[in-house]
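Asks: Provided herewith: coords-v9.csv, CSV, C-alpha atoms (C1' of nucleotides).
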chain,number,residue,atom,x,y,z
A,29,MET,CA,110.1,57.8,100.3
A,30,ASP,CA,107.6,60.3,101.8
A,31,GLN,CA,109.2,62.2,104.6
A,32,THR,CA,105.9,64.0,105.3
A,33,VAL,CA,103.3,61.3,105.9
A,34,ILE,CA,99.8,62.8,105.9
A,35,CYS,CA,97.1,61.7,108.4
A,36,PRO,CA,94.6,59.6,106.4
A,37,ARG,CA,91.7,61.3,108.2
A,38,PHE,CA,93.0,64.7,107.1
A,39,GLU,CA,93.6,63.4,103.6
A,40,LYS,CA,90.1,62.1,103.4
A,41,ALA,CA,88.7,65.4,104.7
A,42,MET,CA,90.7,67.3,102.2
A,43,SER,CA,89.6,65.1,99.4
A,44,ILE,CA,85.9,65.7,100.3
A,45,LEU,CA,86.4,69.5,100.3
A,46,SER,CA,88.6,69.6,97.3
A,47,GLN,CA,86.0,68.1,95.1
A,48,ARG,CA,84.4,70.8,92.9
A,49,TRP,CA,81.2,72.2,94.4
A,50,THR,CA,81.1,70.3,97.7
A,51,GLY,CA,82.4,73.2,99.7
A,52,LEU,CA,79.8,75.6,98.2
A,53,VAL,CA,77.0,73.1,98.8
A,54,ILE,CA,77.9,72.9,102.5
A,55,TYR,CA,78.2,76.6,102.7
A,56,GLN,CA,74.8,77.1,101.2
A,57,LEU,CA,73.3,74.8,103.7
A,58,LEU,CA,74.8,76.4,106.8
A,59,PRO,CA,71.9,78.9,107.3
A,60,GLY,CA,69.3,76.1,107.0
A,61,PRO,CA,67.6,73.5,104.8
A,62,LYS,CA,67.3,74.1,101.1
A,63,ARG,CA,65.7,72.3,98.2
A,64,PHE,CA,67.3,70.9,95.1
A,65,CYS,CA,66.1,73.6,92.7
A,66,THR,CA,67.1,76.3,95.1
A,67,LEU,CA,70.7,75.0,95.3
A,68,GLU,CA,70.8,74.4,91.6
A,69,SER,CA,69.8,78.0,90.7
A,70,SER,CA,71.7,79.9,93.5
A,71,MET,CA,75.1,78.4,92.6
A,72,GLY,CA,75.9,77.8,89.0
A,73,ILE,CA,76.0,74.0,89.4
A,74,SER,CA,74.4,71.6,86.9
A,75,GLY,CA,71.6,69.2,88.1
A,76,ARG,CA,73.7,66.2,87.1
A,77,VAL,CA,76.6,67.1,89.4
A,78,LEU,CA,74.4,68.5,92.2
A,79,SER,CA,72.6,65.2,92.3
A,80,ASP,CA,76.0,63.4,92.6
A,81,ARG,CA,77.3,65.7,95.3
A,82,LEU,CA,74.2,65.5,97.4
A,83,LYS,CA,74.4,61.7,97.3
A,84,GLU,CA,78.1,61.7,98.2
A,85,LEU,CA,77.6,64.1,101.1
A,86,GLU,CA,74.7,62.0,102.3
A,87,ASN,CA,76.9,58.9,102.2
A,88,GLN,CA,79.6,60.8,104.2
A,89,GLY,CA,76.9,61.7,106.8
A,90,ILE,CA,77.4,65.4,106.1
A,91,VAL,CA,74.1,66.1,104.6
A,92,LYS,CA,70.7,64.7,105.3
A,93,ARG,CA,67.7,64.4,102.9
A,94,ASP,CA,64.2,64.8,104.2
A,95,VAL,CA,61.1,64.0,102.2
A,96,TYR,CA,57.9,65.8,103.0
A,97,PRO,CA,55.1,63.9,101.2
A,98,GLU,CA,53.1,67.0,100.6
A,99,THR,CA,51.7,67.7,97.3
A,100,PRO,CA,53.8,68.4,95.4
A,101,VAL,CA,56.4,66.5,97.3
A,102,ARG,CA,59.0,68.7,99.0
A,103,ILE,CA,62.6,67.4,99.5
A,104,GLU,CA,64.9,69.3,101.8
A,105,TYR,CA,68.6,69.0,102.2
A,106,SER,CA,70.2,70.0,105.4
A,107,LEU,CA,73.5,69.6,107.4
A,108,THR,CA,73.9,66.9,110.0
A,109,ASP,CA,76.0,67.7,113.1
A,110,LYS,CA,79.1,66.5,111.2
A,111,GLY,CA,78.2,69.0,108.5
A,112,LEU,CA,77.5,71.8,110.9
A,113,ALA,CA,80.9,71.2,112.5
A,114,LEU,CA,82.4,72.6,109.3
A,115,GLU,CA,81.1,76.1,110.2
A,116,PRO,CA,84.3,77.3,111.8
A,117,LEU,CA,86.2,76.3,108.8
A,118,MET,CA,83.8,78.2,106.5
A,119,LYS,CA,84.2,81.2,108.7
A,120,GLU,CA,88.0,80.9,108.4
A,121,LEU,CA,87.7,80.8,104.7
A,122,GLU,CA,85.4,83.9,104.7
A,123,THR,CA,88.0,85.7,106.8
A,124,TRP,CA,90.9,84.7,104.6
A,125,SER,CA,89.0,85.6,101.4
A,126,GLN,CA,88.1,89.0,102.8
A,127,ASN,CA,91.7,89.7,103.8
A,128,TRP,CA,93.6,88.3,100.8
A,129,VAL,CA,91.5,87.6,97.8
A,130,LYS,CA,91.1,90.2,95.0
A,131,VAL,CA,88.5,89.4,92.4
A,132,GLU,CA,89.1,91.8,89.5
A,133,ASP,CA,92.6,90.8,88.3
A,134,ASN,CA,94.1,87.5,87.5
A,135,GLU,CA,92.0,85.2,85.3
B,8,MET,CA,66.5,84.0,91.1
B,9,ASP,CA,69.3,83.4,93.6
B,10,GLN,CA,68.1,84.2,97.1
B,11,THR,CA,71.5,83.5,98.6
B,12,VAL,CA,74.1,85.6,96.8
B,13,ILE,CA,77.6,84.5,97.5
B,14,CYS,CA,80.4,86.9,98.0
B,15,PRO,CA,82.6,86.8,95.0
B,16,ARG,CA,85.8,86.8,97.1
B,17,PHE,CA,84.5,83.8,99.0
B,18,GLU,CA,83.5,82.1,95.9
B,19,LYS,CA,87.0,82.6,94.4
B,20,ALA,CA,88.6,81.4,97.6
B,21,MET,CA,86.5,78.3,97.5
B,22,SER,CA,87.2,77.6,93.9
B,23,ILE,CA,90.9,77.7,94.6
B,24,LEU,CA,90.7,75.3,97.5
B,25,SER,CA,88.2,73.0,95.8
B,26,GLN,CA,90.5,72.2,92.9
B,27,ARG,CA,92.0,68.8,93.4
B,28,TRP,CA,95.4,68.9,95.1
B,29,THR,CA,95.7,72.6,95.8
B,30,GLY,CA,94.8,72.2,99.5
B,31,LEU,CA,97.2,69.4,100.0
B,32,VAL,CA,100.0,71.3,98.3
B,33,ILE,CA,99.5,74.3,100.6
B,34,TYR,CA,99.3,71.9,103.6
B,35,GLN,CA,102.6,70.3,102.6
B,36,LEU,CA,104.3,73.7,102.4
B,37,LEU,CA,103.1,74.9,105.8
B,38,PRO,CA,106.1,73.6,107.7
B,39,GLY,CA,108.6,75.1,105.2
B,40,PRO,CA,109.9,75.1,101.6
B,41,LYS,CA,109.9,72.0,99.6
B,42,ARG,CA,111.2,70.9,96.2
B,43,PHE,CA,109.2,69.7,93.2
B,44,CYS,CA,110.2,66.0,93.5
B,45,THR,CA,109.6,66.0,97.3
B,46,LEU,CA,106.0,67.2,96.8
B,47,GLU,CA,105.6,64.8,93.9
B,48,SER,CA,106.6,61.8,95.9
B,49,SER,CA,105.1,62.7,99.3
B,50,MET,CA,101.6,63.1,97.9
B,51,GLY,CA,100.3,60.9,95.1
B,52,ILE,CA,100.1,63.7,92.6
B,53,SER,CA,101.4,63.4,89.0
B,54,GLY,CA,104.2,65.8,87.8
B,55,ARG,CA,101.9,67.1,85.1
B,56,VAL,CA,99.3,68.3,87.6
B,57,LEU,CA,101.7,69.4,90.3
B,58,SER,CA,103.4,71.6,87.7
B,59,ASP,CA,100.0,73.2,86.8
B,60,ARG,CA,99.0,73.6,90.5
B,61,LEU,CA,102.3,75.3,91.4
B,62,LYS,CA,101.9,77.7,88.5
B,63,GLU,CA,98.4,78.6,89.5
B,64,LEU,CA,99.3,79.0,93.2
B,65,GLU,CA,102.2,81.2,92.1
B,66,ASN,CA,99.8,83.3,90.0
B,67,GLN,CA,97.4,83.6,92.9
B,68,GLY,CA,100.3,84.8,95.1
B,69,ILE,CA,99.9,81.9,97.5
B,70,VAL,CA,103.2,80.2,96.7
B,71,LYS,CA,106.5,81.5,95.7
B,72,ARG,CA,109.2,79.8,93.6
B,73,ASP,CA,112.9,80.4,94.5
B,74,VAL,CA,115.7,79.3,92.2
B,75,TYR,CA,119.1,78.6,93.8
B,76,PRO,CA,121.6,78.4,91.0
B,77,GLU,CA,123.7,75.8,92.7
B,78,THR,CA,124.9,72.9,90.8
B,79,PRO,CA,122.6,71.1,90.3
B,80,VAL,CA,120.1,73.9,90.4
B,81,ARG,CA,117.7,73.8,93.4
B,82,ILE,CA,114.2,75.1,93.1
B,83,GLU,CA,112.2,75.6,96.3
B,84,TYR,CA,108.5,76.3,96.6
B,85,SER,CA,107.2,78.0,99.7
B,86,LEU,CA,104.2,79.9,101.0
B,87,THR,CA,103.8,83.6,100.8
B,88,ASP,CA,102.1,85.6,103.6
B,89,LYS,CA,98.8,85.0,101.8
B,90,GLY,CA,99.5,81.3,101.7
B,91,LEU,CA,100.6,81.2,105.4
B,92,ALA,CA,97.4,83.0,106.3
B,93,LEU,CA,95.6,79.7,105.4
B,94,GLU,CA,97.2,78.0,108.4
B,95,PRO,CA,94.2,78.5,110.7
B,96,LEU,CA,91.9,77.0,108.1
B,97,MET,CA,94.1,74.0,107.8
B,98,LYS,CA,94.1,73.6,111.6
B,99,GLU,CA,90.3,73.7,111.5
B,100,LEU,CA,90.3,71.0,108.9
B,101,GLU,CA,92.6,68.9,111.0
B,102,THR,CA,90.4,69.3,114.0
B,103,TRP,CA,87.3,68.5,112.0
B,104,SER,CA,88.8,65.4,110.5
B,105,GLN,CA,90.0,64.1,113.8
B,106,ASN,CA,86.5,64.6,115.3
B,107,TRP,CA,84.4,63.4,112.5
B,108,VAL,CA,86.1,61.5,109.8
B,109,LYS,CA,86.4,57.7,109.8
B,110,VAL,CA,88.7,56.2,107.3
B,111,GLU,CA,87.9,52.5,107.1
B,112,ASP,CA,84.3,52.4,106.0
B,113,ASN,CA,82.6,54.1,103.1
B,114,GLU,CA,84.4,54.0,99.8
C,23,DA,C1',40.7,68.1,78.4
C,24,DT,C1',44.7,69.9,76.3
C,25,DT,C1',48.7,72.7,77.0
C,26,DA,C1',52.2,74.7,79.9
C,27,DG,C1',54.8,74.8,84.1
C,28,DT,C1',57.3,73.1,88.5
C,29,DC,C1',60.1,69.8,91.1
C,30,DA,C1',63.5,66.3,91.6
C,31,DG,C1',65.9,64.2,89.3
C,32,DT,C1',68.1,60.9,85.1
C,33,DT,C1',70.1,59.9,80.5
C,34,DA,C1',73.0,60.6,76.5
C,35,DC,C1',76.4,63.2,74.6
C,36,DT,C1',80.4,66.7,74.7
C,37,DT,C1',84.1,69.2,76.8
C,38,DT,C1',87.5,69.7,80.3
C,39,DA,C1',90.5,67.9,83.9
C,40,DT,C1',93.4,64.5,85.5
C,41,DG,C1',96.4,60.4,85.2
C,42,DT,C1',100.1,57.7,82.8
C,43,DA,C1',104.1,57.1,80.7
C,44,DA,C1',107.7,58.6,78.1
C,45,DG,C1',110.9,62.3,76.8
C,46,DT,C1',114.1,66.5,77.5
C,47,DA,C1',118.1,69.1,79.1
C,48,DA,C1',121.4,70.0,82.4
C,49,DT,C1',124.3,67.8,85.6
C,50,DT,C1',126.7,64.1,88.7
C,51,DA,C1',128.1,59.6,90.0
C,52,DT,C1',130.1,54.9,88.6
D,28,DA,C1',130.1,55.5,78.5
D,29,DT,C1',125.9,54.4,81.1
D,30,DA,C1',122.8,55.2,84.6
D,31,DA,C1',120.6,58.4,87.8
D,32,DT,C1',118.6,62.8,89.5
D,33,DT,C1',116.0,67.2,89.1
D,34,DA,C1',112.4,69.9,87.2
D,35,DC,C1',109.8,69.8,84.2
D,36,DT,C1',107.0,69.1,79.2
D,37,DT,C1',104.6,66.4,75.7
D,38,DA,C1',101.3,63.0,73.8
D,39,DC,C1',97.9,60.1,74.7
D,40,DA,C1',94.0,57.7,77.6
D,41,DT,C1',90.6,57.9,81.1
D,42,DA,C1',87.7,60.2,84.4
D,43,DA,C1',84.9,64.1,85.9
D,44,DA,C1',82.0,67.8,84.8
D,45,DG,C1',79.0,70.6,81.7
D,46,DT,C1',74.8,70.8,78.4
D,47,DA,C1',70.6,69.9,77.0
D,48,DA,C1',66.8,67.2,76.5
D,49,DC,C1',63.7,63.9,78.9
D,50,DT,C1',60.8,61.5,82.7
D,51,DG,C1',57.0,61.2,85.9
D,52,DA,C1',54.3,63.0,89.2
D,53,DC,C1',51.7,66.7,90.0
D,54,DT,C1',49.2,71.7,89.4
D,55,DA,C1',47.3,75.7,87.1
D,56,DA,C1',45.6,78.0,83.1
D,57,DT,C1',42.8,78.1,78.7
Would you put the structure from the file into structure tokens?

Replies:
Amino acid sequence: MDQTVICPRFEKAMSILSQRWTGLVIYQLLPGPKRFCTLESSMGISGRVLSDRLKELENQGIVKRDVYPETPVRIEYSLTDKGLALEPLMKELETWSQNWVKVEDNE
Amino acid sequence: MDQTVICPRFEKAMSILSQRWTGLVIYQLLPGPKRFCTLESSMGISGRVLSDRLKELENQGIVKRDVYPETPVRIEYSLTDKGLALEPLMKELETWSQNWVKVEDNE
DNA sequence: ATTAGTCAGTTACTTTATGTAAGTAATTAT
DNA sequence: ATAATTACTTACATAAAGTAACTGACTAAT
């Protein structure tokens, strides 16, 4: 008996963003393409999970993976239009965090 | 060697929203106060996790818990100003999901 | 030419988070 | 007296994430 029925598109969108790390990965890619090892070291994510997340985001059409067959091979991850369309949301989160989030206190 | 240093407030904000269910709980409370059992049945969350999430959101000052000592006791959860300030972000997610998210396909 | 190092991952194993189902205490309805 | 509701908690099982070592292709240093 759910009085509030949630739009399935919204629910899916939320489920993508509420997986650990996905939001931060997208945020990191906003300024431009990045490599696996760069993402891995700039956020505290493990390679195992980063690998999973990038695959999922690629499946969702949010991230694209480009292989440059140089030597050594260079693989760059970047946002698609769908991914870039999340920029306003990220800006909102930045604003909210600046206005409301305190870091020191509560664990 | 992190070239992109992330603002700790932003990182904390993201860690709140990227916990499973927190976003949906906030979204459900946007229109007004709701009770435990209403939240529990309207989203597919288990009581165990809902209980955890509400406590965390209360600690973060995003949700407040009001006890009405009627008989039977009524307990209502609602958003604080900090929680209500997430409305624009939720609207952005609604917009994005309507423009970009397809539900049928990919698992 | 052997050793060490980087990149983009994968694999095996451990810890943490979440789900499931049942239980509790107070109350009310039949 | 029995069943049902609300707001949870507890015990146990499964799924997700973290840790660390490893692979394979290459490069640079000794």

Asks: Set the cut-off to 10 Å and count all atoms listed in the file: what are the residues of chain A that reach chain D? Output as a PyMOL selection string.

Replies: chain A and resi 48+73-77+99-101

Asks: Suppose you want the space between CA of Ala113 in chain A and CA of Asn106 in chain B; what is it in Å?

Replies: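 Going from CA of Ala113 in chain A over to CA of Asn106 in chain B, I get 9.1 Å.
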
Asks: Name all residues at most 10 Å from Met71 in chain A (count only C-alpha atoms (C1' of nucleotides); drop same-chain ones fewer than 3 positions away) and give them as a list in words.

Replies: Trp49, Leu52, Val53, Gln56, Thr66, Leu67, Glu68, Ser74 and Leu78 of chain A; Asp9, Thr11, Val12, Ile13 and Glu18 of chain B

Asks: In Å, how far is it from CA of Phe43 in chain B to C1' of DT38 in chain C?

Replies: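 Between CA of Phe43 in chain B and C1' of DT38 in chain C the gap is 25.2 Å.
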
Asks: Please identify every residue of chain A that has at least one atom no more than 8 Å from any atom of chain B, counting all atoms listed in the file, and report them as an mmCIF file with C-alpha atoms, keeping the file's coordinate frame.

Replies:
data_model
loop_
_atom_site.group_PDB
_atom_site.id
_atom_site.type_symbol
_atom_site.label_atom_id
_atom_site.label_comp_id
_atom_site.auth_asym_id
_atom_site.auth_seq_id
_atom_site.Cartn_x
_atom_site.Cartn_y
_atom_site.Cartn_z
ATOM 1 C CA MET A 29 110.100 57.800 100.300
ATOM 2 C CA ASP A 30 107.600 60.300 101.800
ATOM 3 C CA GLN A 31 109.200 62.200 104.600
ATOM 4 C CA THR A 32 105.900 64.000 105.300
ATOM 5 C CA VAL A 33 103.300 61.300 105.900
ATOM 6 C CA PRO A 36 94.600 59.600 106.400
ATOM 7 C CA ARG A 37 91.700 61.300 108.200
ATOM 8 C CA PHE A 38 93.000 64.700 107.100
ATOM 9 C CA GLU A 39 93.600 63.400 103.600
ATOM 10 C CA LYS A 40 90.100 62.100 103.400
ATOM 11 C CA ALA A 41 88.700 65.400 104.700
ATOM 12 C CA MET A 42 90.700 67.300 102.200
ATOM 13 C CA SER A 43 89.600 65.100 99.400
ATOM 14 C CA LEU A 45 86.400 69.500 100.300
ATOM 15 C CA SER A 46 88.600 69.600 97.300
ATOM 16 C CA GLN A 47 86.000 68.100 95.100
ATOM 17 C CA ARG A 48 84.400 70.800 92.900
ATOM 18 C CA TRP A 49 81.200 72.200 94.400
ATOM 19 C CA THR A 50 81.100 70.300 97.700
ATOM 20 C CA GLY A 51 82.400 73.200 99.700
ATOM 21 C CA LEU A 52 79.800 75.600 98.200
ATOM 22 C CA GLN A 56 74.800 77.100 101.200
ATOM 23 C CA THR A 66 67.100 76.300 95.100
ATOM 24 C CA SER A 69 69.800 78.000 90.700
ATOM 25 C CA SER A 70 71.700 79.900 93.500
ATOM 26 C CA MET A 71 75.100 78.400 92.600
ATOM 27 C CA ASN A 87 76.900 58.900 102.200
ATOM 28 C CA GLN A 88 79.600 60.800 104.200
ATOM 29 C CA LYS A 110 79.100 66.500 111.200
ATOM 30 C CA ALA A 113 80.900 71.200 112.500
ATOM 31 C CA LEU A 114 82.400 72.600 109.300
ATOM 32 C CA PRO A 116 84.300 77.300 111.800
ATOM 33 C CA LEU A 117 86.200 76.300 108.800
ATOM 34 C CA GLU A 120 88.000 80.900 108.400
ATOM 35 C CA LEU A 121 87.700 80.800 104.700
ATOM 36 C CA GLU A 122 85.400 83.900 104.700
ATOM 37 C CA TRP A 124 90.900 84.700 104.600
ATOM 38 C CA SER A 125 89.000 85.600 101.400
ATOM 39 C CA GLN A 126 88.100 89.000 102.800
ATOM 40 C CA TRP A 128 93.600 88.300 100.800
ATOM 41 C CA VAL A 129 91.500 87.600 97.800
ATOM 42 C CA LYS A 130 91.100 90.200 95.000
ATOM 43 C CA VAL A 131 88.500 89.400 92.400
ATOM 44 C CA ASN A 134 94.100 87.500 87.500
#

Asks: Taking all atoms listed in the file into account, which residues of chain C are within 10 Å of chain A, as a PDB file with C-alpha atoms (C1' of nucleotides), in the coordinates of the input?

Replies:
ATOM      1  C1'  DT C  28      57.300  73.100  88.500  1.00  0.00           C
ATOM      2  C1'  DC C  29      60.100  69.800  91.100  1.00  0.00           C
ATOM      3  C1'  DA C  30      63.500  66.300  91.600  1.00  0.00           C
ATOM      4  C1'  DG C  31      65.900  64.200  89.300  1.00  0.00           C
ATOM      5  C1'  DT C  32      68.100  60.900  85.100  1.00  0.00           C
ATOM      6  C1'  DT C  33      70.100  59.900  80.500  1.00  0.00           C
TER       7       DT C  33
END

Asks: At what distance in Å, to one decimal, does CA of Lys92 in chain A lie from CA of Leu58 in chain A?

Replies: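 Computing it gives 12.5 Å between the two atoms.
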
Asks: Could you fit chain A onto chain B by least squares over every C-alpha atom, paired in order, and give me the moved chain as a tab-separated table (two decimals) with C-alpha atoms, in the frame of the given file?

Replies:
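Produced file result-v2.tsv, reproduced below:
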chain	number	residue	atom	x	y	z
A	29	MET	CA	66.56	84.03	91.06
A	30	ASP	CA	69.30	83.38	93.67
A	31	GLN	CA	68.05	84.25	97.09
A	32	THR	CA	71.48	83.44	98.57
A	33	VAL	CA	74.00	85.58	96.72
A	34	ILE	CA	77.55	84.43	97.50
A	35	CYS	CA	80.42	86.92	98.08
A	36	PRO	CA	82.63	86.73	94.95
A	37	ARG	CA	85.76	86.81	97.13
A	38	PHE	CA	84.51	83.78	99.05
A	39	GLU	CA	83.53	82.07	95.83
A	40	LYS	CA	86.93	82.65	94.39
A	41	ALA	CA	88.59	81.35	97.57
A	42	MET	CA	86.45	78.31	97.52
A	43	SER	CA	87.18	77.65	93.93
A	44	ILE	CA	90.97	77.77	94.61
A	45	LEU	CA	90.64	75.25	97.49
A	46	SER	CA	88.18	73.04	95.79
A	47	GLN	CA	90.49	72.30	92.96
A	48	ARG	CA	91.99	68.80	93.36
A	49	TRP	CA	95.38	68.85	95.09
A	50	THR	CA	95.70	72.56	95.85
A	51	GLY	CA	94.73	72.17	99.46
A	52	LEU	CA	97.28	69.34	100.00
A	53	VAL	CA	100.01	71.34	98.27
A	54	ILE	CA	99.45	74.27	100.66
A	55	TYR	CA	99.34	71.96	103.57
A	56	GLN	CA	102.60	70.37	102.62
A	57	LEU	CA	104.23	73.70	102.42
A	58	LEU	CA	103.10	75.00	105.81
A	59	PRO	CA	106.14	73.58	107.72
A	60	GLY	CA	108.57	75.12	105.19
A	61	PRO	CA	109.94	75.15	101.64
A	62	LYS	CA	109.92	71.99	99.61
A	63	ARG	CA	111.16	70.97	96.20
A	64	PHE	CA	109.21	69.66	93.26
A	65	CYS	CA	110.30	66.03	93.56
A	66	THR	CA	109.65	66.05	97.25
A	67	LEU	CA	106.03	67.22	96.76
A	68	GLU	CA	105.55	64.87	93.88
A	69	SER	CA	106.62	61.76	95.86
A	70	SER	CA	105.08	62.65	99.31
A	71	MET	CA	101.55	63.12	97.92
A	72	GLY	CA	100.38	60.88	95.17
A	73	ILE	CA	100.16	63.71	92.62
A	74	SER	CA	101.41	63.39	89.03
A	75	GLY	CA	104.20	65.77	87.77
A	76	ARG	CA	101.88	67.12	85.08
A	77	VAL	CA	99.26	68.35	87.55
A	78	LEU	CA	101.77	69.40	90.23
A	79	SER	CA	103.43	71.61	87.67
A	80	ASP	CA	99.99	73.17	86.86
A	81	ARG	CA	99.06	73.70	90.48
A	82	LEU	CA	102.33	75.26	91.43
A	83	LYS	CA	101.95	77.73	88.56
A	84	GLU	CA	98.36	78.55	89.51
A	85	LEU	CA	99.23	79.09	93.16
A	86	GLU	CA	102.14	81.26	92.12
A	87	ASN	CA	99.81	83.35	89.96
A	88	GLN	CA	97.39	83.68	92.95
A	89	GLY	CA	100.36	84.90	95.09
A	90	ILE	CA	99.96	81.93	97.42
A	91	VAL	CA	103.13	80.21	96.63
A	92	LYS	CA	106.52	81.53	95.73
A	93	ARG	CA	109.26	79.82	93.63
A	94	ASP	CA	112.88	80.37	94.45
A	95	VAL	CA	115.74	79.29	92.24
A	96	TYR	CA	119.08	78.56	93.80
A	97	PRO	CA	121.61	78.37	90.93
A	98	GLU	CA	123.68	75.77	92.64
A	99	THR	CA	124.79	72.80	90.84
A	100	PRO	CA	122.56	71.00	90.31
A	101	VAL	CA	120.07	73.79	90.40
A	102	ARG	CA	117.74	73.69	93.41
A	103	ILE	CA	114.15	75.08	93.12
A	104	GLU	CA	112.16	75.61	96.28
A	105	TYR	CA	108.50	76.26	96.67
A	106	SER	CA	107.26	78.04	99.69
A	107	LEU	CA	104.15	79.93	101.03
A	108	THR	CA	103.88	83.68	100.78
A	109	ASP	CA	102.12	85.54	103.63
A	110	LYS	CA	98.80	85.05	101.78
A	111	GLY	CA	99.55	81.34	101.76
A	112	LEU	CA	100.60	81.23	105.36
A	113	ALA	CA	97.34	82.96	106.30
A	114	LEU	CA	95.61	79.71	105.37
A	115	GLU	CA	97.14	77.98	108.44
A	116	PRO	CA	94.16	78.50	110.70
A	117	LEU	CA	91.94	77.02	108.15
A	118	MET	CA	94.20	73.94	107.81
A	119	LYS	CA	94.14	73.59	111.53
A	120	GLU	CA	90.32	73.73	111.48
A	121	LEU	CA	90.26	71.03	108.92
A	122	GLU	CA	92.69	68.87	111.01
A	123	THR	CA	90.38	69.33	113.98
A	124	TRP	CA	87.24	68.48	112.06
A	125	SER	CA	88.87	65.42	110.43
A	126	GLN	CA	90.04	64.16	113.80
A	127	ASN	CA	86.59	64.58	115.32
A	128	TRP	CA	84.36	63.37	112.48
A	129	VAL	CA	86.13	61.52	109.77
A	130	LYS	CA	86.38	57.68	109.81
A	131	VAL	CA	88.68	56.18	107.25
A	132	GLU	CA	87.92	52.44	107.17
A	133	ASP	CA	84.28	52.36	105.96
A	134	ASN	CA	82.57	54.03	103.13
A	135	GLU	CA	84.35	53.85	99.76

Asks: Hey, could you pull the box centre and edge lengths for range 88-96 of chain B, axis-aligned, 5 Å padding per side, all listed atoms, to one decimal in Å, as lines of an AutoDock Vina configuration file?

Replies:
center_x = 97.0
center_y = 81.3
center_z = 106.2
size_x = 20.2
size_y = 18.6
size_z = 19.0
